[in-house]
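The block underneath contains the structure these notes are about, expressed in structure tokens.
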Amino acid sequence: MTCKAMPATIKENLIKVTNPATGEEIFTAKATSETEIKEIIQRAKESFLLWSSMTVDKRIDYLKKIYELIIKDKDKIAEIITKNTGKPLSESYLTEIASCLQIMEYFIKKGHELLNEKSISLGKLYPTKKSFLSYEPYGVMAIIEPWNYPFYLPMSAITKTLLAGNTFIFKPSSKVSLVGKLIYEILLEAALPQGVANIVYGGSEAAEVLISSGIDKVIFTGSVEIGKKIAESCAKKLLPVSLELGGKDPAIVFKNTNLDYACEGVLWGAISNCGQACASIERVYVESEIYNDFIDKITSLVKELKIGNGIDDEIDVGPLIDKEQVEKIEEHIKDALNKGARLHTGGKRIPGSGFFFEPTVLSNVNHSMKIMTEETFGPVIPIMKFESIEEAIRLANDTRYGLASSIWTGETGNVKNIANKLNCGTVWVNDSLFLQAHPACPWQGYKDSGYGGSAIYDFVRTKHISIDLGFIPKLHPKSFWWYPYKGKARSYSDLIGIVFKSSIKEKTKAAFHTMINFLK
Ligand code: NAD
């Protein structure tokens, strides 16, 4: 295999983007300079005043325009996503466009309710007081995104950013600059006020300038390695940051499952997007009684997959994004085979001008191997045997990641007990991957998989206002806890008995004591 071209190279400030299925050059962008980035931030700051003072309804009107434009241009969008990433056309429609529209529709319908002021009763000690929560935008957001879902992920962050009243600067991964440009064009067509929506092109340098030039919050999706660097830079400035990072998601397959169903489901969870999803199934633990049958079945399913240029609707699996991905997967497989893994199918790159790799099944793997411990991000299904529920849970949790897990079982009655013991943010039972995109469900990692990011409340600051609604000037007695303290300690001791004792009998006893003390 030649692997001649990278999907994006940055030379003399030009980002050249190629189609990973063909190696053909499809787009050139000019990397945004440091001076330009700073000017863009300044414009975003100026337009923040206008955008944040608009009503939520008015901002929702703009979201509706964007939503309609995406529906109108869905075929063109799907084609561009497939050309830039290599993913099959079906996945461009479903996991990028439909997921994006689902998010937008949800926030168009619910945005008002979610961002409406909320009131809180403060309980028995403060009967006349009431608290109110309101939501304020941060200001200018830096939205830094990866290449693997280049339409859905940025659009999800952009929707919430705009709804909340922030302006933003979006930096797509240089590898998917073409999809980044497409998003920017849609936003331009929606005629958002000038300076509200901005894009910068470039790699790590552009992102670093962005973070260090006076923005108000970073929304980052990407690898653990870069996420940690960003967290460090943000910590130095106490800059708020949301980090949606990588995963090494386990699938646990119990012997009472429907074998055909579990194999088909694990196959899709592991191989869709050519295994390049943060929540791809990257480790499979199968109960010993069905271990051999599971391997045979999934191996035969893998052999039926059609690999090729995703623009052809017959194709199931497209190429990897670039040569580096190919090399990383080769390294993981080699390491596993050297340590005793058994190869059932695949294992090699496919010769030609794209970055194609054979979907691979490995067994006899263990946790000394990279394939079971580091994010592989490729079409590989490593399978390991387990003997008991406890062992399956221990193996699934034996990782620095904590994004999601899946359980495949015929017995769902007790499955929540197992799910609760898995150390990760999402557990799917008899499915995988699909709810990452559902706006009503949180999406957040434990451990190295990051923190924050998916909820609308990550895009706003919460303001608390507390008001004494019983306040009447002149008549109002001062709060009982104000100075002077003289002689109040005993009354407070009695008060605690009256207010916080649980039974009526005990409360009455405490009230009686208070009265006696008072009379004394
Ligand atoms: P990456 O971390 O290499 O890059 C992500 C973004 O950060 C890109 O825009 C990149 O240009 C920028 N960047 C690179 N170096 C930087 C630096 N020093 N400072 C600031 N920004 C920098 O990730 P990737 O390879 O583009 O994407 C794949 C990773 O993203 C995988 O680990 C995957 O699991 C993760 N991911 C996570 C989620 C999630 O929801 N948790 C979703 C999608 C992808």
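Residues are named by chain letter and number: chains run A, B, ... in the order of the structure tokens, numbers start at 1 in each chain, and ligands are numbered from 1 in the order shown.
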
### Task
Give as JSON, numbers by chain the residues surrounding ligand 1 up to a distance of 9 Å, considering only C-alpha atoms and all ligand atoms.
{"A": [143, 144, 145, 146, 147, 148, 149, 150, 153, 171, 172, 173, 174, 175, 201, 202, 203, 204, 205, 206, 207, 208, 209, 210, 211, 220, 221, 222, 223, 224, 225, 226, 227, 229, 230, 233, 243, 244, 245, 246, 247, 248, 276, 277, 278, 279, 280, 375, 376, 377, 403, 436, 443, 444, 445, 449, 450, 451, 453, 454]}

### Message
If we count only C-alpha atoms and set the cut-off at 10 Å, which residues sit around Met104 (chain A), ignoring sequence neighbours fewer than 4 positions away in its own chain? Please answer as a list in words.
### Response
Ile60, Leu63, Lys64, Ile66, Tyr67, Ala98, Ser99, Cys100, Ile108, Lys109, Lys110, Gly111, Met155, Ser156, Ile158, Thr159, Lys160, Leu163 and Pro439 of chain A

Would you mind exporting the chosen residues as a compact mmCIF listing (two decimals), in the first residue's frame, restricted to all heavy atoms?
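Generated file (again.txt):
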```txt
# COMPACT_ATOMS: atom_id res chain seq x y z
N ILE A 60 -33.39 31.39 18.92
CA ILE A 60 -33.96 30.14 18.40
C ILE A 60 -34.39 30.32 16.94
O ILE A 60 -34.27 29.40 16.13
CB ILE A 60 -35.12 29.65 19.31
CG1 ILE A 60 -34.53 29.08 20.61
CG2 ILE A 60 -35.97 28.59 18.61
CD1 ILE A 60 -35.53 28.61 21.62
N LEU A 63 -31.53 29.54 14.93
CA LEU A 63 -31.27 28.09 14.90
C LEU A 63 -32.21 27.40 13.91
O LEU A 63 -31.82 26.48 13.19
CB LEU A 63 -31.44 27.47 16.30
CG LEU A 63 -30.38 27.83 17.35
CD1 LEU A 63 -30.67 27.13 18.67
CD2 LEU A 63 -28.97 27.46 16.89
N LYS A 64 -33.45 27.88 13.88
CA LYS A 64 -34.42 27.29 12.93
C LYS A 64 -33.95 27.48 11.50
O LYS A 64 -34.08 26.57 10.66
CB LYS A 64 -35.80 27.94 13.11
CG LYS A 64 -36.54 27.47 14.34
CD LYS A 64 -37.90 28.16 14.39
CE LYS A 64 -38.61 27.86 15.69
NZ LYS A 64 -39.65 28.84 16.01
N ILE A 66 -30.85 27.75 10.44
CA ILE A 66 -29.72 26.84 10.20
C ILE A 66 -30.24 25.41 9.98
O ILE A 66 -29.81 24.70 9.06
CB ILE A 66 -28.73 26.88 11.40
CG1 ILE A 66 -28.19 28.30 11.60
CG2 ILE A 66 -27.59 25.88 11.22
CD1 ILE A 66 -27.44 28.51 12.92
N TYR A 67 -31.20 25.02 10.81
CA TYR A 67 -31.82 23.69 10.74
C TYR A 67 -32.44 23.46 9.34
O TYR A 67 -32.21 22.43 8.70
CB TYR A 67 -32.87 23.65 11.85
CG TYR A 67 -33.74 22.44 11.97
CD1 TYR A 67 -33.32 21.33 12.71
CD2 TYR A 67 -35.01 22.41 11.39
CE1 TYR A 67 -34.16 20.23 12.86
CE2 TYR A 67 -35.84 21.31 11.53
CZ TYR A 67 -35.41 20.23 12.27
OH TYR A 67 -36.22 19.13 12.42
N ALA A 98 -28.43 13.42 10.59
CA ALA A 98 -29.63 13.15 11.42
C ALA A 98 -29.33 13.44 12.89
O ALA A 98 -30.16 14.03 13.59
CB ALA A 98 -30.09 11.71 11.23
N SER A 99 -28.14 13.06 13.37
CA SER A 99 -27.79 13.32 14.77
C SER A 99 -27.78 14.82 15.05
O SER A 99 -28.23 15.28 16.10
CB SER A 99 -26.41 12.76 15.10
OG SER A 99 -26.40 11.38 14.89
N CYS A 100 -27.23 15.58 14.09
CA CYS A 100 -27.17 17.04 14.25
C CYS A 100 -28.59 17.61 14.30
O CYS A 100 -28.91 18.44 15.17
CB CYS A 100 -26.37 17.62 13.08
SG CYS A 100 -26.69 19.35 12.80
N ILE A 108 -34.30 23.64 19.80
CA ILE A 108 -35.28 24.59 19.26
C ILE A 108 -36.58 24.49 20.07
O ILE A 108 -37.20 25.47 20.44
CB ILE A 108 -35.51 24.33 17.74
CG1 ILE A 108 -34.30 24.83 16.94
CG2 ILE A 108 -36.80 24.99 17.26
CD1 ILE A 108 -34.27 24.39 15.50
N LYS A 109 -36.97 23.24 20.39
CA LYS A 109 -38.23 23.04 21.13
C LYS A 109 -38.07 23.35 22.62
O LYS A 109 -38.94 23.90 23.25
CB LYS A 109 -38.68 21.59 20.99
CG LYS A 109 -39.35 21.30 19.66
CD LYS A 109 -40.03 19.95 19.67
CE LYS A 109 -40.56 19.64 18.28
NZ LYS A 109 -40.47 18.24 17.94
N LYS A 110 -36.95 22.93 23.19
CA LYS A 110 -36.81 22.98 24.65
C LYS A 110 -35.97 24.13 25.17
O LYS A 110 -35.86 24.33 26.38
CB LYS A 110 -36.11 21.68 25.12
CG LYS A 110 -36.95 20.45 24.98
CD LYS A 110 -37.35 20.00 26.36
CE LYS A 110 -38.23 18.79 26.27
NZ LYS A 110 -38.85 18.49 27.53
N GLY A 111 -35.32 24.85 24.24
CA GLY A 111 -34.35 25.87 24.65
C GLY A 111 -34.91 26.86 25.63
O GLY A 111 -34.29 27.20 26.64
N MET A 155 -21.48 20.98 15.20
CA MET A 155 -22.83 21.55 15.14
C MET A 155 -23.56 21.41 16.48
O MET A 155 -24.35 22.27 16.86
CB MET A 155 -23.65 20.91 14.02
CG MET A 155 -23.32 21.42 12.63
SD MET A 155 -23.35 23.23 12.48
CE MET A 155 -25.02 23.61 12.97
N SER A 156 -23.26 20.32 17.18
CA SER A 156 -23.87 20.14 18.50
C SER A 156 -23.38 21.24 19.45
O SER A 156 -24.17 21.88 20.15
CB SER A 156 -23.49 18.74 19.01
OG SER A 156 -23.73 18.65 20.37
N ILE A 158 -22.03 24.14 18.57
CA ILE A 158 -22.42 25.46 18.05
C ILE A 158 -23.89 25.76 18.40
O ILE A 158 -24.23 26.87 18.81
CB ILE A 158 -22.18 25.52 16.51
CG1 ILE A 158 -20.68 25.61 16.24
CG2 ILE A 158 -22.93 26.67 15.87
CD1 ILE A 158 -20.27 25.44 14.78
N THR A 159 -24.75 24.75 18.29
CA THR A 159 -26.17 24.94 18.62
C THR A 159 -26.32 25.43 20.06
O THR A 159 -27.01 26.41 20.34
CB THR A 159 -26.93 23.60 18.45
OG1 THR A 159 -26.82 23.21 17.09
CG2 THR A 159 -28.38 23.70 18.83
N LYS A 160 -25.63 24.75 20.99
CA LYS A 160 -25.78 25.11 22.40
C LYS A 160 -25.11 26.46 22.70
O LYS A 160 -25.61 27.25 23.48
CB LYS A 160 -25.20 23.99 23.27
CG LYS A 160 -26.07 22.74 23.24
CD LYS A 160 -25.42 21.56 23.92
CE LYS A 160 -24.76 20.66 22.92
NZ LYS A 160 -24.21 19.43 23.48
N LEU A 163 -27.52 29.15 21.29
CA LEU A 163 -28.75 29.22 22.09
C LEU A 163 -28.48 29.94 23.41
O LEU A 163 -29.26 30.78 23.85
CB LEU A 163 -29.25 27.79 22.37
CG LEU A 163 -30.43 27.68 23.31
CD1 LEU A 163 -31.69 28.27 22.67
CD2 LEU A 163 -30.69 26.23 23.70
N PRO A 439 -29.83 14.42 22.71
CA PRO A 439 -29.68 15.62 23.54
C PRO A 439 -30.31 15.52 24.92
O PRO A 439 -29.96 16.28 25.81
CB PRO A 439 -30.37 16.70 22.71
CG PRO A 439 -31.27 15.97 21.78
CD PRO A 439 -30.63 14.65 21.51
```

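Among the candidates A:Lys38, A:Phe170, A:Ala251, A:Lys217, the one nearest to Ala235 (chain A) when counting only C-alpha atoms is A:Lys217.
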
### Task
Kindly indicate which residue among A:Glu289, A:Glu304, A:Glu25, A:Glu374 lies nearest to Asn256 (chain A), using only C-alpha atoms for the distances.
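Among the listed residues, A:Glu289 lies closest to Asn256 (chain A).
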
#### Entry: Neighbour list for Glu117 (chain A) as a PyMOL selection string, cut-off 12 Å, only C-alpha atoms, skip fewer than 3 positions in-chain
chain A and resi 56+111-114+120+131-136+462-465

Write the residues of the selection above to a file with all heavy atoms, as a short mmCIF file (atom, residue, chain, number, x, y, z; two decimals), in the first residue's frame.
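Dumped everything to result-v4.cif:
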```cif
data_model
loop_
_atom_site.label_atom_id
_atom_site.label_comp_id
_atom_site.auth_asym_id
_atom_site.auth_seq_id
_atom_site.Cartn_x
_atom_site.Cartn_y
_atom_site.Cartn_z
N VAL A 56 -34.09 34.71 23.98
CA VAL A 56 -33.85 33.30 23.60
C VAL A 56 -34.67 32.96 22.35
O VAL A 56 -34.20 32.28 21.44
CB VAL A 56 -34.20 32.36 24.78
CG1 VAL A 56 -34.15 30.90 24.36
CG2 VAL A 56 -33.24 32.59 25.94
N GLY A 111 -35.32 24.85 24.24
CA GLY A 111 -34.35 25.87 24.65
C GLY A 111 -34.91 26.86 25.63
O GLY A 111 -34.29 27.20 26.64
N HIS A 112 -36.12 27.29 25.35
CA HIS A 112 -36.74 28.30 26.18
C HIS A 112 -36.92 27.79 27.60
O HIS A 112 -36.51 28.42 28.58
CB HIS A 112 -38.08 28.67 25.55
CG HIS A 112 -38.49 30.05 25.90
ND1 HIS A 112 -39.20 30.31 27.03
CD2 HIS A 112 -38.25 31.23 25.29
CE1 HIS A 112 -39.39 31.62 27.10
NE2 HIS A 112 -38.82 32.19 26.06
N GLU A 113 -37.49 26.60 27.68
CA GLU A 113 -37.76 25.99 29.00
C GLU A 113 -36.45 25.75 29.77
O GLU A 113 -36.34 26.04 30.95
CB GLU A 113 -38.48 24.66 28.74
CG GLU A 113 -38.80 23.84 29.94
CD GLU A 113 -39.25 22.43 29.50
OE1 GLU A 113 -39.90 22.29 28.44
OE2 GLU A 113 -38.90 21.47 30.25
N LEU A 114 -35.42 25.28 29.05
CA LEU A 114 -34.15 24.96 29.72
C LEU A 114 -33.48 26.21 30.27
O LEU A 114 -32.87 26.18 31.34
CB LEU A 114 -33.19 24.26 28.74
CG LEU A 114 -33.58 22.84 28.34
CD1 LEU A 114 -32.78 22.40 27.12
CD2 LEU A 114 -33.35 21.88 29.49
N ILE A 120 -36.43 28.51 43.55
CA ILE A 120 -36.12 27.45 44.52
C ILE A 120 -36.65 27.88 45.89
O ILE A 120 -36.38 29.01 46.33
CB ILE A 120 -34.59 27.27 44.66
CG1 ILE A 120 -33.95 26.97 43.32
CG2 ILE A 120 -34.24 26.22 45.68
CD1 ILE A 120 -32.44 26.96 43.40
N SER A 131 -35.16 31.82 46.29
CA SER A 131 -33.98 31.96 45.43
C SER A 131 -34.35 31.75 43.97
O SER A 131 -35.29 31.00 43.66
CB SER A 131 -32.90 30.96 45.83
OG SER A 131 -32.17 31.48 46.90
N PHE A 132 -33.60 32.39 43.10
CA PHE A 132 -33.85 32.29 41.66
C PHE A 132 -32.55 31.97 40.94
O PHE A 132 -31.50 32.51 41.30
CB PHE A 132 -34.41 33.63 41.13
CG PHE A 132 -35.69 34.01 41.79
CD1 PHE A 132 -35.69 34.74 42.97
CD2 PHE A 132 -36.90 33.59 41.25
CE1 PHE A 132 -36.88 35.07 43.61
CE2 PHE A 132 -38.10 33.93 41.88
CZ PHE A 132 -38.09 34.67 43.06
N LEU A 133 -32.63 31.06 39.97
CA LEU A 133 -31.46 30.74 39.15
C LEU A 133 -31.69 31.28 37.76
O LEU A 133 -32.73 31.03 37.15
CB LEU A 133 -31.24 29.23 39.06
CG LEU A 133 -31.06 28.46 40.36
CD1 LEU A 133 -30.77 26.99 40.07
CD2 LEU A 133 -29.92 29.05 41.19
N SER A 134 -30.72 32.03 37.27
CA SER A 134 -30.82 32.46 35.87
C SER A 134 -29.53 32.07 35.16
O SER A 134 -28.52 31.79 35.81
CB SER A 134 -31.09 33.95 35.77
OG SER A 134 -30.05 34.65 36.40
N TYR A 135 -29.58 32.04 33.86
CA TYR A 135 -28.45 31.50 33.09
C TYR A 135 -27.88 32.57 32.18
O TYR A 135 -28.60 33.18 31.39
CB TYR A 135 -28.92 30.28 32.28
CG TYR A 135 -29.54 29.26 33.19
CD1 TYR A 135 -30.93 29.09 33.24
CD2 TYR A 135 -28.75 28.50 34.05
CE1 TYR A 135 -31.50 28.19 34.11
CE2 TYR A 135 -29.32 27.59 34.92
CZ TYR A 135 -30.71 27.44 34.94
OH TYR A 135 -31.26 26.54 35.81
N GLU A 136 -26.58 32.79 32.32
CA GLU A 136 -25.94 33.85 31.55
C GLU A 136 -24.86 33.25 30.66
O GLU A 136 -24.15 32.34 31.09
CB GLU A 136 -25.28 34.84 32.50
CG GLU A 136 -26.29 35.55 33.37
CD GLU A 136 -25.63 36.54 34.32
OE1 GLU A 136 -24.38 36.57 34.38
OE2 GLU A 136 -26.37 37.27 34.98
N THR A 462 -24.35 29.95 35.83
CA THR A 462 -25.60 29.99 36.59
C THR A 462 -25.52 31.11 37.63
O THR A 462 -24.60 31.13 38.44
CB THR A 462 -25.85 28.64 37.29
OG1 THR A 462 -25.83 27.62 36.29
CG2 THR A 462 -27.19 28.62 38.00
N LYS A 463 -26.46 32.03 37.54
CA LYS A 463 -26.50 33.12 38.54
C LYS A 463 -27.57 32.82 39.56
O LYS A 463 -28.68 32.43 39.23
CB LYS A 463 -26.79 34.45 37.85
CG LYS A 463 -27.08 35.55 38.85
CD LYS A 463 -26.74 36.91 38.33
CE LYS A 463 -25.25 37.13 38.28
NZ LYS A 463 -24.91 38.30 37.49
N HIS A 464 -27.22 33.02 40.84
CA HIS A 464 -28.18 32.78 41.93
C HIS A 464 -28.56 34.13 42.54
O HIS A 464 -27.70 34.87 42.98
CB HIS A 464 -27.50 31.87 42.97
CG HIS A 464 -28.28 31.72 44.23
ND1 HIS A 464 -27.70 31.48 45.43
CD2 HIS A 464 -29.61 31.78 44.46
CE1 HIS A 464 -28.62 31.40 46.36
NE2 HIS A 464 -29.79 31.57 45.80
N ILE A 465 -29.84 34.41 42.55
CA ILE A 465 -30.32 35.64 43.21
C ILE A 465 -31.29 35.22 44.31
O ILE A 465 -32.21 34.42 44.07
CB ILE A 465 -31.03 36.56 42.21
CG1 ILE A 465 -30.06 36.97 41.10
CG2 ILE A 465 -31.60 37.80 42.91
CD1 ILE A 465 -30.68 37.76 39.98
#
```
